[in-house]
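**Q** Before I ask anything, let me first share the structure, which is written out below as C-alpha cells.
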Amino acid sequence: MPVTRHMSSPVHTVAAATPLPRVHEELEAHRVSSLAVVEDDGRLAGVVTRTDLLRVGQRETGRRPGSPLLSFPDQPVSEVMTRDVVTVTPLTNLRLAGQKMVSGRLHRVFVVEEEGGGLRGVVSTRDVMNAVAEARLRLPLSDHMSHPVFTIRAEEPVGMATERLGKAQVQGLVVVDDGWPVGLFTQVESLLSSAASRDTPVEEVMSPSLVCMQQDTPLYRAAQQAAATSVRRVLALNKREVVGIMSGLDFVRAIL
C-alpha cells in the first residue's frame with residue numbers, strides 16, 4: 001500500500017531561524033517527536049528531533065546536581081538540525097518506507113513530491129503501528145520484541161535517567177520499583193522536566209501509562225492497545241516477568 005494511506009498530514013514545521021526555546025515549545029504543544037524545518041518557500045531544509053534538543057540541552061546545563069536538567073540556548077534551529085533528511089514519494093509503498101526507517105534507525109520519513117519537493121506528509125512509527133493494527137498481523141510479540149529491556153530505578157535522579165537515554169541510544173526507559181515496572185521515562189518526560197533539578201527522583205516525573213501484554217499476544221492487538229492509550233512501547237511479559245519490549249521501530253520491522 002502507498003505511504004499516503006497511513007501518513008500524517010499536514011506536517012508540523014518551523015522556520016530555519018526559529019530559536020531553540022521556541023522549538024521546544026512547539027514540540028510539546030503538538031506532542032510530536034520531530035519538526036520539519038522549512039525554507040521561506042516551504043521547501044524541506046532539515047529536521048529537528050527531541051534527540052537533538054536533549055543533546056544540546058544537556059551540554060548547556062552542565063552536570064551539577066542542583067542545576068536544571070536541560071537548558072536551551074537562544075540559537076536558531078538551523079545550527080542543530082539534521083540536514084540530510086530521508087524522504088519518500090507519495091507512491092512509495094509502506095514496506096519500502098519501513099526499510100528506510102529501520103536501516104537508518106529513524107522514527108519517521110517525510111513524504112515529498114517528486115517534482116518541486118513539496119512537503120506532503122510524514123510517516124512515523126506511530127503511523128506504522130496503526131497499519132499493523134489495520135492489517136491484523138497475528139505474529140506474537142515474542143517474534144519481534146527487543147531485549148534486554150533498559151530500566152532505571154524509581155528513586156534514581158532524572159539527570160542519570162536522561163544520560164542513560166543517550167548512552168543506550170534509546171528513546172525510553174522502563175522505571176522499576178523492586179524489579180517491577182511502574183512507569184516509563186522517555187524523551188518526552190525528560191523535555192517536560194527541563195526546568196527540574198537534575199537530582200529530582202525519576203518517580204516524580206515519569207509517565208505511569210504502561211501497556212503490559214503476554215509475549216504470545218498478536219501484534220495487532222498490542223498495536224491497538226498502544227494506540228488507544230497513546231503510548232509507543234509495549235512491555236512483553238512471560239507470566240509476571242518482563243522479557244522484552246516492543247518499540248515503534250520493532251513494529252516497523254514486523255512489516256518488512
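A note on labels: chains of the C-alpha cells are A, B, ... as shown, every chain counts residues from 1, and ligands are counted from 1 in their shown order.
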Please list as a list in words every residue within 10 Å of Phe150 in chain A, counting only C-alpha atoms and excluding residues in the same chain fewer than 6 positions away.
**A**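 My reading of the contact set: Arg164, Leu165, Ala168, Val170, Gly172, Leu173, Val174, Val175, Gly244 and Ile245 of chain A.
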**Q** Show me, as a list in words, the residues that have an atom within 12 Å of Glu25 in chain A when counting only C-alpha atoms, minus same-chain residues fewer than 3 positions from it.
**A**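 Here the answer would be Val14, Thr18, Pro19, Leu20, Pro21, Arg22, Glu28, Ala29, His30, Arg31, Val32, Ser33, Ser34, Leu35, Arg50, Leu53, Phe72, Leu191, Leu192 and Ser194 of chain A.
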**Q** So what do you get for CA of Gly46 in chain A versus CA of Thr82 in chain A, distance-wise?
**A** 5.3 Å
**Q** Could you find all residues in range 22-246 of chain A that DSSP calls strand (DSSP E or B) from the backbone, and write them as a PyMOL selection string?
**A** chain A and resi 34-38+44-49+68+76+82+87-88+93+108-112+119-124+140+146+151-153+157+172-177+180-186+197+201+207+212-214+218+234-238+241-246
**Q** For His24 in chain A, which of A:Ser8, A:Pro181, A:Thr186, A:Val56 is the closest residue, counting only C-alpha atoms?
**A**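 With only C-alpha atoms as the atom set, the closest residue is A:Val56.
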**Q** Using only C-alpha atoms, which residues of range 111-192 of chain A come within 10 Å of range 200-213 of chain A, and what is the closest atom pair for each, with the distance in Å to one decimal? Give it as a Markdown table, sorted by chain and residue number.
**A**
```
| residue | atom | partner | partner_atom | distance |
| --- | --- | --- | --- | --- |
| A:Leu141 | CA | A:Met213 | CA | 8.7 |
| A:Ile152 | CA | A:Val202 | CA | 8.2 |
| A:Arg153 | CA | A:Val202 | CA | 7.7 |
| A:Ala154 | CA | A:Glu203 | CA | 4.8 |
| A:Glu155 | CA | A:Pro201 | CA | 5.1 |
| A:Glu156 | CA | A:Pro201 | CA | 5.4 |
| A:Pro157 | CA | A:Pro201 | CA | 4.4 |
| A:Val158 | CA | A:Val202 | CA | 5.1 |
| A:Gly159 | CA | A:Thr200 | CA | 7.8 |
| A:Met160 | CA | A:Val202 | CA | 9.0 |
| A:Ala161 | CA | A:Val202 | CA | 7.3 |
| A:Thr162 | CA | A:Val202 | CA | 9.7 |
| A:Leu173 | CA | A:Met206 | CA | 9.7 |
| A:Val174 | CA | A:Leu210 | CA | 9.3 |
| A:Val175 | CA | A:Met206 | CA | 7.6 |
| A:Val176 | CA | A:Glu203 | CA | 9.2 |
| A:Asp177 | CA | A:Glu203 | CA | 9.4 |
| A:Pro181 | CA | A:Leu210 | CA | 8.4 |
| A:Val182 | CA | A:Pro208 | CA | 6.4 |
| A:Gly183 | CA | A:Pro208 | CA | 4.3 |
| A:Leu184 | CA | A:Ser207 | CA | 5.2 |
| A:Phe185 | CA | A:Met206 | CA | 5.0 |
| A:Thr186 | CA | A:Met206 | CA | 7.9 |
| A:Val188 | CA | A:Ser207 | CA | 9.2 |
| A:Glu189 | CA | A:Met206 | CA | 6.2 |
| A:Ser190 | CA | A:Val205 | CA | 8.2 |
| A:Leu192 | CA | A:Val205 | CA | 8.4 |
```
**Q** Please save C-alpha atoms of the selected residues as a compact mmCIF listing (two decimals), in the first residue's frame.
**A**
```
# COMPACT_ATOMS: atom_id res chain seq x y z
CA LEU A 141 5.18 -10.09 20.31
CA ILE A 152 16.01 2.77 35.76
CA ARG A 153 15.04 2.55 39.44
CA ALA A 154 12.25 4.88 40.56
CA GLU A 155 14.48 6.57 43.14
CA GLU A 156 17.30 7.39 40.69
CA PRO A 157 17.74 11.08 39.64
CA VAL A 158 16.39 12.38 36.33
CA GLY A 159 19.89 13.53 35.42
CA MET A 160 21.07 9.91 35.42
CA ALA A 161 17.98 8.78 33.51
CA THR A 162 18.49 11.39 30.78
CA LEU A 173 13.48 3.55 29.90
CA VAL A 174 11.22 1.34 31.99
CA VAL A 175 11.00 2.64 35.56
CA VAL A 176 11.08 -0.19 38.10
CA ASP A 177 10.37 -0.48 41.80
CA PRO A 181 7.66 -1.87 36.07
CA VAL A 182 5.78 1.13 37.44
CA GLY A 183 6.19 3.68 34.64
CA LEU A 184 8.16 4.98 31.67
CA PHE A 185 10.78 7.70 31.42
CA THR A 186 11.14 8.75 27.80
CA VAL A 188 9.02 13.27 26.40
CA GLU A 189 9.33 13.21 30.19
CA SER A 190 12.91 14.44 30.02
CA LEU A 192 8.89 18.20 30.06
```
**Q** For the interface of range 131-170 of chain A with range 220-241 of chain A (cut-off 6 Å, counting only C-alpha atoms), please tabulate each contacting residue of range 131-170 of chain A alongside its nearest pair of atoms and their separation in Å to one decimal, rows sorted by chain and increasing number, as a tab-separated table.
**A**
```
residue	atom	partner	partner_atom	distance
A:Val132	CA	A:Tyr220	CA	5.6
A:Ala133	CA	A:Tyr220	CA	4.2
A:Arg136	CA	A:Tyr220	CA	4.9
A:Leu137	CA	A:Tyr220	CA	5.2
```
**Q** Enter the distance from CA of Val23 in chain A to CA of Thr49 in chain A, in Å, rounded to one decimal.
**A**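 Spanning CA of Val23 in chain A to CA of Thr49 in chain A is a straight-line distance of 9.5 Å.
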**Q** Quick one, how far is CA of Thr51 in chain A from CA of Ala16 in chain A?
**A**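 The value is 17.6 Å.
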**Q** From the options A:Val149, A:Val252, A:Ala15, A:Met81, which residue's atoms come nearest to Thr125 in chain A, counting only C-alpha atoms?
**A**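 Of all the options, A:Val252 lies closest to Thr125 in chain A.
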